[in-house]
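J.: So I've got this file, coords-v5.pdb, and it contains PDB, C-alpha atoms:
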ATOM      1  CA  MET A  25       7.910 -17.400 -28.117  1.00  0.00           C
ATOM      2  CA  LYS A  26       9.865 -14.760 -26.224  1.00  0.00           C
ATOM      3  CA  ALA A  27       8.003 -12.580 -23.720  1.00  0.00           C
ATOM      4  CA  SER A  28       8.095  -8.899 -24.576  1.00  0.00           C
ATOM      5  CA  ILE A  29       9.999  -6.514 -22.360  1.00  0.00           C
ATOM      6  CA  PRO A  30       7.853  -3.673 -20.967  1.00  0.00           C
ATOM      7  CA  ASN A  31       8.663  -0.211 -22.244  1.00  0.00           C
ATOM      8  CA  GLN A  32       6.803   1.804 -19.596  1.00  0.00           C
ATOM      9  CA  PHE A  33       6.951   2.141 -15.827  1.00  0.00           C
ATOM     10  CA  THR A  34       4.180   2.351 -13.281  1.00  0.00           C
ATOM     11  CA  ILE A  35       5.429   3.790  -9.993  1.00  0.00           C
ATOM     12  CA  ARG A  36       3.439   3.255  -6.815  1.00  0.00           C
ATOM     13  CA  VAL A  37       4.138   4.813  -3.412  1.00  0.00           C
ATOM     14  CA  TYR A  38       2.914   3.291  -0.158  1.00  0.00           C
ATOM     15  CA  GLY A  39       2.925   4.152   3.525  1.00  0.00           C
ATOM     16  CA  ILE A  40       3.665   1.856   6.421  1.00  0.00           C
ATOM     17  CA  PHE A  41       1.821   3.412   9.339  1.00  0.00           C
ATOM     18  CA  SER A  42       2.003   1.926  12.818  1.00  0.00           C
ATOM     19  CA  ASN A  43       0.303   2.765  16.086  1.00  0.00           C
ATOM     20  CA  SER A  44       1.244   2.455  19.758  1.00  0.00           C
ATOM     21  CA  GLN A  45      -0.142  -1.114  19.871  1.00  0.00           C
ATOM     22  CA  ASN A  46       2.414  -2.269  17.250  1.00  0.00           C
ATOM     23  CA  GLU A  47      -0.248  -2.543  14.579  1.00  0.00           C
ATOM     24  CA  ILE A  48       0.185  -1.739  10.889  1.00  0.00           C
ATOM     25  CA  LEU A  49      -2.476   0.031   8.827  1.00  0.00           C
ATOM     26  CA  VAL A  50      -3.782  -1.876   5.803  1.00  0.00           C
ATOM     27  CA  THR A  51      -6.486  -1.000   3.323  1.00  0.00           C
ATOM     28  CA  ASP A  52      -9.082  -3.272   1.784  1.00  0.00           C
ATOM     29  CA  GLU A  53     -10.330  -1.971  -1.538  1.00  0.00           C
ATOM     30  CA  PHE A  54     -12.408  -2.864  -4.532  1.00  0.00           C
ATOM     31  CA  GLN A  55     -10.753  -1.307  -7.586  1.00  0.00           C
ATOM     32  CA  LEU A  56     -10.633  -2.307 -11.259  1.00  0.00           C
ATOM     33  CA  ASP A  57     -13.281  -4.957 -10.499  1.00  0.00           C
ATOM     34  CA  THR A  58     -10.835  -6.623  -8.084  1.00  0.00           C
ATOM     35  CA  PRO A  59     -10.931  -7.017  -4.281  1.00  0.00           C
ATOM     36  CA  MET A  60      -7.497  -6.191  -2.878  1.00  0.00           C
ATOM     37  CA  THR A  61      -5.709  -5.886   0.456  1.00  0.00           C
ATOM     38  CA  LYS A  62      -2.655  -3.663   0.409  1.00  0.00           C
ATOM     39  CA  PHE A  63      -0.749  -0.923   2.162  1.00  0.00           C
ATOM     40  CA  PRO A  64      -2.225   2.592   1.834  1.00  0.00           C
ATOM     41  CA  GLY A  65      -0.929   4.642  -1.062  1.00  0.00           C
ATOM     42  CA  GLY A  66      -1.209   4.937  -4.795  1.00  0.00           C
ATOM     43  CA  GLY A  67       0.205   5.992  -8.094  1.00  0.00           C
ATOM     44  CA  LEU A  68       2.897   8.593  -8.617  1.00  0.00           C
ATOM     45  CA  GLN A  69       1.816  11.384 -10.958  1.00  0.00           C
ATOM     46  CA  PHE A  70       4.093  13.217 -13.380  1.00  0.00           C
ATOM     47  CA  GLY A  71       5.745  16.234 -11.771  1.00  0.00           C
ATOM     48  CA  GLU A  72       5.388  14.759  -8.287  1.00  0.00           C
ATOM     49  CA  GLY A  73       8.024  13.348  -5.948  1.00  0.00           C
ATOM     50  CA  PRO A  74       7.372  10.093  -4.084  1.00  0.00           C
ATOM     51  CA  ILE A  75       6.867  11.736  -0.677  1.00  0.00           C
ATOM     52  CA  ASP A  76       4.535  14.313  -2.220  1.00  0.00           C
ATOM     53  CA  CYS A  77       2.623  11.404  -3.761  1.00  0.00           C
ATOM     54  CA  LEU A  78       2.198   9.686  -0.391  1.00  0.00           C
ATOM     55  CA  ARG A  79       1.039  12.941   1.226  1.00  0.00           C
ATOM     56  CA  ARG A  80      -1.479  13.515  -1.600  1.00  0.00           C
ATOM     57  CA  GLU A  81      -2.778   9.939  -1.457  1.00  0.00           C
ATOM     58  CA  MET A  82      -3.356  10.134   2.302  1.00  0.00           C
ATOM     59  CA  ARG A  83      -5.148  13.461   1.924  1.00  0.00           C
ATOM     60  CA  GLU A  84      -7.326  12.110  -0.892  1.00  0.00           C
ATOM     61  CA  GLU A  85      -8.135   8.735   0.653  1.00  0.00           C
ATOM     62  CA  CYS A  86      -8.234   9.644   4.350  1.00  0.00           C
ATOM     63  CA  GLN A  87      -8.248  13.447   4.721  1.00  0.00           C
ATOM     64  CA  GLN A  88      -5.159  12.700   6.810  1.00  0.00           C
ATOM     65  CA  GLU A  89      -1.874  14.556   7.223  1.00  0.00           C
ATOM     66  CA  ILE A  90       1.311  12.579   7.828  1.00  0.00           C
ATOM     67  CA  GLU A  91       4.800  13.251   9.209  1.00  0.00           C
ATOM     68  CA  ALA A  92       8.147  11.602  10.059  1.00  0.00           C
ATOM     69  CA  ILE A  93       8.455  10.080   6.604  1.00  0.00           C
ATOM     70  CA  THR A  94      11.474   7.808   6.110  1.00  0.00           C
ATOM     71  CA  HIS A  95      12.290   5.460   3.258  1.00  0.00           C
ATOM     72  CA  TYR A  96      11.744   1.778   4.055  1.00  0.00           C
ATOM     73  CA  TYR A  97      11.939  -0.236   0.836  1.00  0.00           C
ATOM     74  CA  THR A  98      12.054   0.104  -2.954  1.00  0.00           C
ATOM     75  CA  THR A  99      11.356  -2.856  -5.206  1.00  0.00           C
ATOM     76  CA  HIS A 100      14.620  -4.650  -5.979  1.00  0.00           C
ATOM     77  CA  PHE A 101      13.231  -7.291  -8.348  1.00  0.00           C
ATOM     78  CA  TYR A 102      11.379  -7.226 -11.649  1.00  0.00           C
ATOM     79  CA  GLN A 103       7.600  -7.059 -11.355  1.00  0.00           C
ATOM     80  CA  LYS A 104       5.229  -6.768 -14.292  1.00  0.00           C
ATOM     81  CA  ALA A 105       2.258  -4.510 -13.594  1.00  0.00           C
ATOM     82  CA  LEU A 106      -0.834  -6.597 -12.974  1.00  0.00           C
ATOM     83  CA  PHE A 107      -3.413  -4.335 -14.597  1.00  0.00           C
ATOM     84  CA  TRP A 108      -1.449  -2.774 -17.447  1.00  0.00           C
ATOM     85  CA  ASP A 109       0.220  -4.541 -20.323  1.00  0.00           C
ATOM     86  CA  ASN A 110       3.688  -3.389 -21.280  1.00  0.00           C
ATOM     87  CA  HIS A 111       4.330  -1.796 -17.842  1.00  0.00           C
ATOM     88  CA  GLN A 112       6.975  -2.642 -15.282  1.00  0.00           C
ATOM     89  CA  LEU A 113       5.969  -1.874 -11.695  1.00  0.00           C
ATOM     90  CA  LEU A 114       8.250  -0.085  -9.259  1.00  0.00           C
ATOM     91  CA  SER A 115       6.987   0.374  -5.688  1.00  0.00           C
ATOM     92  CA  ILE A 116       8.415   2.643  -2.994  1.00  0.00           C
ATOM     93  CA  TYR A 117       7.489   2.213   0.679  1.00  0.00           C
ATOM     94  CA  TYR A 118       7.900   4.792   3.429  1.00  0.00           C
ATOM     95  CA  LYS A 119       7.412   4.472   7.156  1.00  0.00           C
ATOM     96  CA  ALA A 120       5.452   7.463   8.392  1.00  0.00           C
ATOM     97  CA  LYS A 121       3.249   8.679  11.218  1.00  0.00           C
ATOM     98  CA  LEU A 122      -0.385   9.705  11.040  1.00  0.00           C
ATOM     99  CA  LEU A 123      -0.898  13.130  12.622  1.00  0.00           C
ATOM    100  CA  PRO A 124      -3.591  12.993  15.300  1.00  0.00           C
ATOM    101  CA  PRO A 125      -6.473  12.999  15.365  1.00  0.00           C
ATOM    102  CA  LEU A 126      -7.326  10.285  12.839  1.00  0.00           C
ATOM    103  CA  GLN A 127      -9.655  11.674  10.190  1.00  0.00           C
ATOM    104  CA  PHE A 128     -10.942   8.356   8.858  1.00  0.00           C
ATOM    105  CA  LYS A 129     -12.816   5.292  10.087  1.00  0.00           C
ATOM    106  CA  ILE A 130     -10.893   2.246  11.270  1.00  0.00           C
ATOM    107  CA  SER A 131     -12.780  -1.003  10.680  1.00  0.00           C
ATOM    108  CA  GLU A 132     -12.658  -4.152  12.758  1.00  0.00           C
ATOM    109  CA  LYS A 133     -13.030  -6.499   9.777  1.00  0.00           C
ATOM    110  CA  ALA A 134     -11.693  -6.817   6.248  1.00  0.00           C
ATOM    111  CA  PHE A 135     -13.701  -5.327   3.372  1.00  0.00           C
ATOM    112  CA  ASP A 136     -15.981  -3.441   5.739  1.00  0.00           C
ATOM    113  CA  PHE A 137     -18.135  -1.836   3.085  1.00  0.00           C
ATOM    114  CA  GLY A 138     -21.400  -2.664   1.356  1.00  0.00           C
ATOM    115  CA  GLN A 139     -21.438  -4.008  -2.153  1.00  0.00           C
ATOM    116  CA  LEU A 140     -18.294  -4.716  -4.134  1.00  0.00           C
ATOM    117  CA  GLU A 141     -18.287  -1.579  -6.261  1.00  0.00           C
ATOM    118  CA  ASN A 142     -15.233   0.100  -7.737  1.00  0.00           C
ATOM    119  CA  GLY A 143     -13.948   2.791  -5.410  1.00  0.00           C
ATOM    120  CA  GLN A 144     -14.968   1.115  -2.133  1.00  0.00           C
ATOM    121  CA  GLN A 145     -12.315   1.200   0.583  1.00  0.00           C
ATOM    122  CA  SER A 146     -11.899   0.470   4.286  1.00  0.00           C
ATOM    123  CA  PHE A 147      -8.938   0.604   6.667  1.00  0.00           C
ATOM    124  CA  ARG A 148      -7.965  -1.650   9.565  1.00  0.00           C
ATOM    125  CA  TRP A 149      -5.080  -2.269  11.938  1.00  0.00           C
ATOM    126  CA  VAL A 150      -3.205  -5.595  11.907  1.00  0.00           C
ATOM    127  CA  LYS A 151      -0.732  -6.583  14.627  1.00  0.00           C
ATOM    128  CA  GLN A 152       2.745  -6.422  13.090  1.00  0.00           C
ATOM    129  CA  ASP A 153       3.715  -9.811  14.497  1.00  0.00           C
ATOM    130  CA  ALA A 154       0.500 -11.302  13.046  1.00  0.00           C
ATOM    131  CA  LEU A 155       0.957  -9.986   9.512  1.00  0.00           C
ATOM    132  CA  ASN A 156       0.220 -12.714   6.999  1.00  0.00           C
ATOM    133  CA  PRO A 157       1.895 -12.014   3.643  1.00  0.00           C
ATOM    134  CA  ASP A 158      -0.624 -14.307   1.925  1.00  0.00           C
ATOM    135  CA  GLU A 159      -3.445 -11.939   2.905  1.00  0.00           C
ATOM    136  CA  PHE A 160      -1.960  -9.222   0.710  1.00  0.00           C
ATOM    137  CA  THR A 161      -3.008  -9.155  -2.922  1.00  0.00           C
ATOM    138  CA  PHE A 162       0.142  -8.012  -4.692  1.00  0.00           C
ATOM    139  CA  PRO A 163       3.593  -9.664  -4.798  1.00  0.00           C
ATOM    140  CA  ILE A 164       5.552  -6.612  -3.645  1.00  0.00           C
ATOM    141  CA  ASP A 165       3.187  -6.012  -0.705  1.00  0.00           C
ATOM    142  CA  LYS A 166       3.614  -9.682   0.237  1.00  0.00           C
ATOM    143  CA  HIS A 167       7.391  -9.156   0.228  1.00  0.00           C
ATOM    144  CA  VAL A 168       7.151  -6.004   2.382  1.00  0.00           C
ATOM    145  CA  ALA A 169       4.781  -7.767   4.817  1.00  0.00           C
ATOM    146  CA  THR A 170       7.427 -10.506   5.151  1.00  0.00           C
ATOM    147  CA  LEU A 171      10.111  -7.895   5.825  1.00  0.00           C
ATOM    148  CA  LEU A 172       7.943  -6.292   8.525  1.00  0.00           C
ATOM    149  CA  LEU A 173       7.154  -9.655  10.077  1.00  0.00           C
ATOM    150  CA  ASN A 174      10.835 -10.641  10.156  1.00  0.00           C
ATOM    151  CA  GLU A 175      11.770  -7.235  11.593  1.00  0.00           C
ATOM    152  CA  LYS A 176       9.327  -7.699  14.457  1.00  0.00           C
ATOM    153  CA  GLN A 177      10.617 -11.199  15.222  1.00  0.00           C
ATOM    154  CA  LYS A 178      14.239 -10.071  15.677  1.00  0.00           C
TER     155      LYS A 178
END
Before anything else, please render the file you have as structure tokens.

T.:
Amino acid sequence: MKASIPNQFTIRVYGIFSNSQNEILVTDEFQLDTPMTKFPGGGLQFGEGPIDCLRREMREECQQEIEAITHYYTTHFYQKALFWDNHQLLSIYYKAKLLPPLQFKISEKAFDFGQLENGQQSFRWVKQDALNPDEFTFPIDKHVATLLLNEKQK
């Protein structure tokens, strides 16, 4: 039986935010009945450019403005969307800066929220040289974590 080829795209846009201690911002979330660790960001909407998407996502999730946005990575391999049948996933990553002051809580531990209910989210810093790709939920995030780890080790 031949696997069907997706006929729709899902485009996701993520930010790689670092601080002066060489830490990278990650988010722990419970969405679609699934615990996940990923980079901050979300889905591109029709009529929106990728950078506009990242700005909107950071405003919605963190009440945070961002600046110094530069392209870092776009998916260069096929990835089926995990949650949607018949969708191919394309992810775009930007390095960017958070404008001070931070408008959201930074947690010290993963999944720093009460019950596992859809919509729960917390943020934490992880040392770039201690990034563990296996701690990320999604294949493309794992790949980007590896790129960041290798970049730091050069």

J.: With distances taken over all atoms listed in the file, which of A:Arg148, A:His167, A:Arg36, A:Lys129 is nearest to Thr61 in chain A?

T.: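 Under the stated criterion, the closest residue is A:Arg148.
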
J.: Please provide as an MDAnalysis selection string all residues within 6 Å of Pro30 in chain A, with the sequence filter that same-chain residues fewer than 5 positions apart are discarded (counting all atoms listed in the file).

T.: chainID A and resid 110:112

J.: Which residues are near Gln103 in chain A? Cut-off 9 Å, all atoms listed in the file, ignore same chain within fewer than 4 positions. Put them as a list in words.

T.: Thr99, His111, Gln112, Leu113, Leu114, Pro163 and Ile164 of chain A

J.: Would you kindly translate the PyMOL selection byres ((chain A and resi 51) around 8) into the concrete residues it picks from this file, as a PDB file with C-alpha atoms, in the coordinates of the input?

T.:
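Here's the written file selection_16.pdb:
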ATOM      1  CA  LEU A  49      -2.476   0.031   8.827  1.00  0.00           C
ATOM      2  CA  VAL A  50      -3.782  -1.876   5.803  1.00  0.00           C
ATOM      3  CA  ASP A  52      -9.082  -3.272   1.784  1.00  0.00           C
ATOM      4  CA  GLU A  53     -10.330  -1.971  -1.538  1.00  0.00           C
ATOM      5  CA  THR A  61      -5.709  -5.886   0.456  1.00  0.00           C
ATOM      6  CA  LYS A  62      -2.655  -3.663   0.409  1.00  0.00           C
ATOM      7  CA  PHE A  63      -0.749  -0.923   2.162  1.00  0.00           C
ATOM      8  CA  PRO A  64      -2.225   2.592   1.834  1.00  0.00           C
ATOM      9  CA  GLN A 145     -12.315   1.200   0.583  1.00  0.00           C
ATOM     10  CA  SER A 146     -11.899   0.470   4.286  1.00  0.00           C
ATOM     11  CA  PHE A 147      -8.938   0.604   6.667  1.00  0.00           C
ATOM     12  CA  ARG A 148      -7.965  -1.650   9.565  1.00  0.00           C
TER      13      ARG A 148
END

J.: Could you tell me how far CA of Cys86 in chain A lies from CA of Glu159 in chain A, in Å and to one decimal?

T.: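 Atom-to-atom, CA of Cys86 in chain A and CA of Glu159 in chain A are spaced 22.2 Å apart.
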
J.: Which is closer to Gly67 in chain A than all the others in A:Asp109, A:Ile116, A:Ile48, A:Glu91, using only C-alpha atoms?

T.: A:Ile116

J.: Which residues fall under the PyMOL selection byres ((chain A and resi 138-141) around 10) in this file, as JSON, numbers by chain?

T.: {"A": [53, 54, 55, 56, 57, 58, 59, 135, 136, 137, 142, 143, 144, 145]}

J.: What separation in Å, quoted to one decimal, exists between CA of Phe128 in chain A and CA of Glu85 in chain A?

T.: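 That distance, rounded to one decimal, is 8.7 Å.
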
J.: Since I can't run it myself right now, could you work out what the PyMOL selection byres ((chain A and resi 38) around 6) selects here and report it as a list in words?

T.: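 So the PyMOL selection byres ((chain A and resi 38) around 6), applied here, picks out Val37, Gly39, Pro64, Gly65 and Tyr117 of chain A.
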
J.: Please determine, counting all atoms listed in the file, which residue among A:Tyr96, A:Phe70, A:Phe160, A:Phe101 has the shortest atom-to-atom distance to Phe41 in chain A.

T.: A:Tyr96

J.: The centre and edge lengths of an axis-aligned box containing all atoms of range 115-122 of chain A present in the file, extended by 3 Å on each side, are to be given in Å to one decimal, as AutoDock Vina command-line options.

T.:
--center_x 4.0 --center_y 5.0 --center_z 2.8 --size_x 14.8 --size_y 15.3 --size_z 22.9

J.: Step by step: start from the point (0.3, 13.9, 5.1) in the file's coordinates, keep every protein, DNA or RNA residue that has an atom no farther than 10 Å from it, count only C-alpha atoms, and write the set as a list in words.

T.: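 I get Ile75, Asp76, Cys77, Leu78, Arg79, Arg80, Glu81, Met82, Arg83, Glu84, Cys86, Gln87, Gln88, Glu89, Ile90, Glu91, Ala92, Ile93, Ala120, Lys121, Leu122 and Leu123 of chain A for the residues within 10 Å of that point.
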
J.: Return the single residue from A:Leu126, A:Ile29, A:Ala154, A:Ala134 that is closest to Lys104 in chain A, with distances computed using all atoms listed in the file.

T.: A:Ile29

J.: To one decimal place in Å, what is the distance between CA of Leu106 in chain A and CA of Lys166 in chain A?

T.: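 Between these atoms lies a distance of 14.3 Å.
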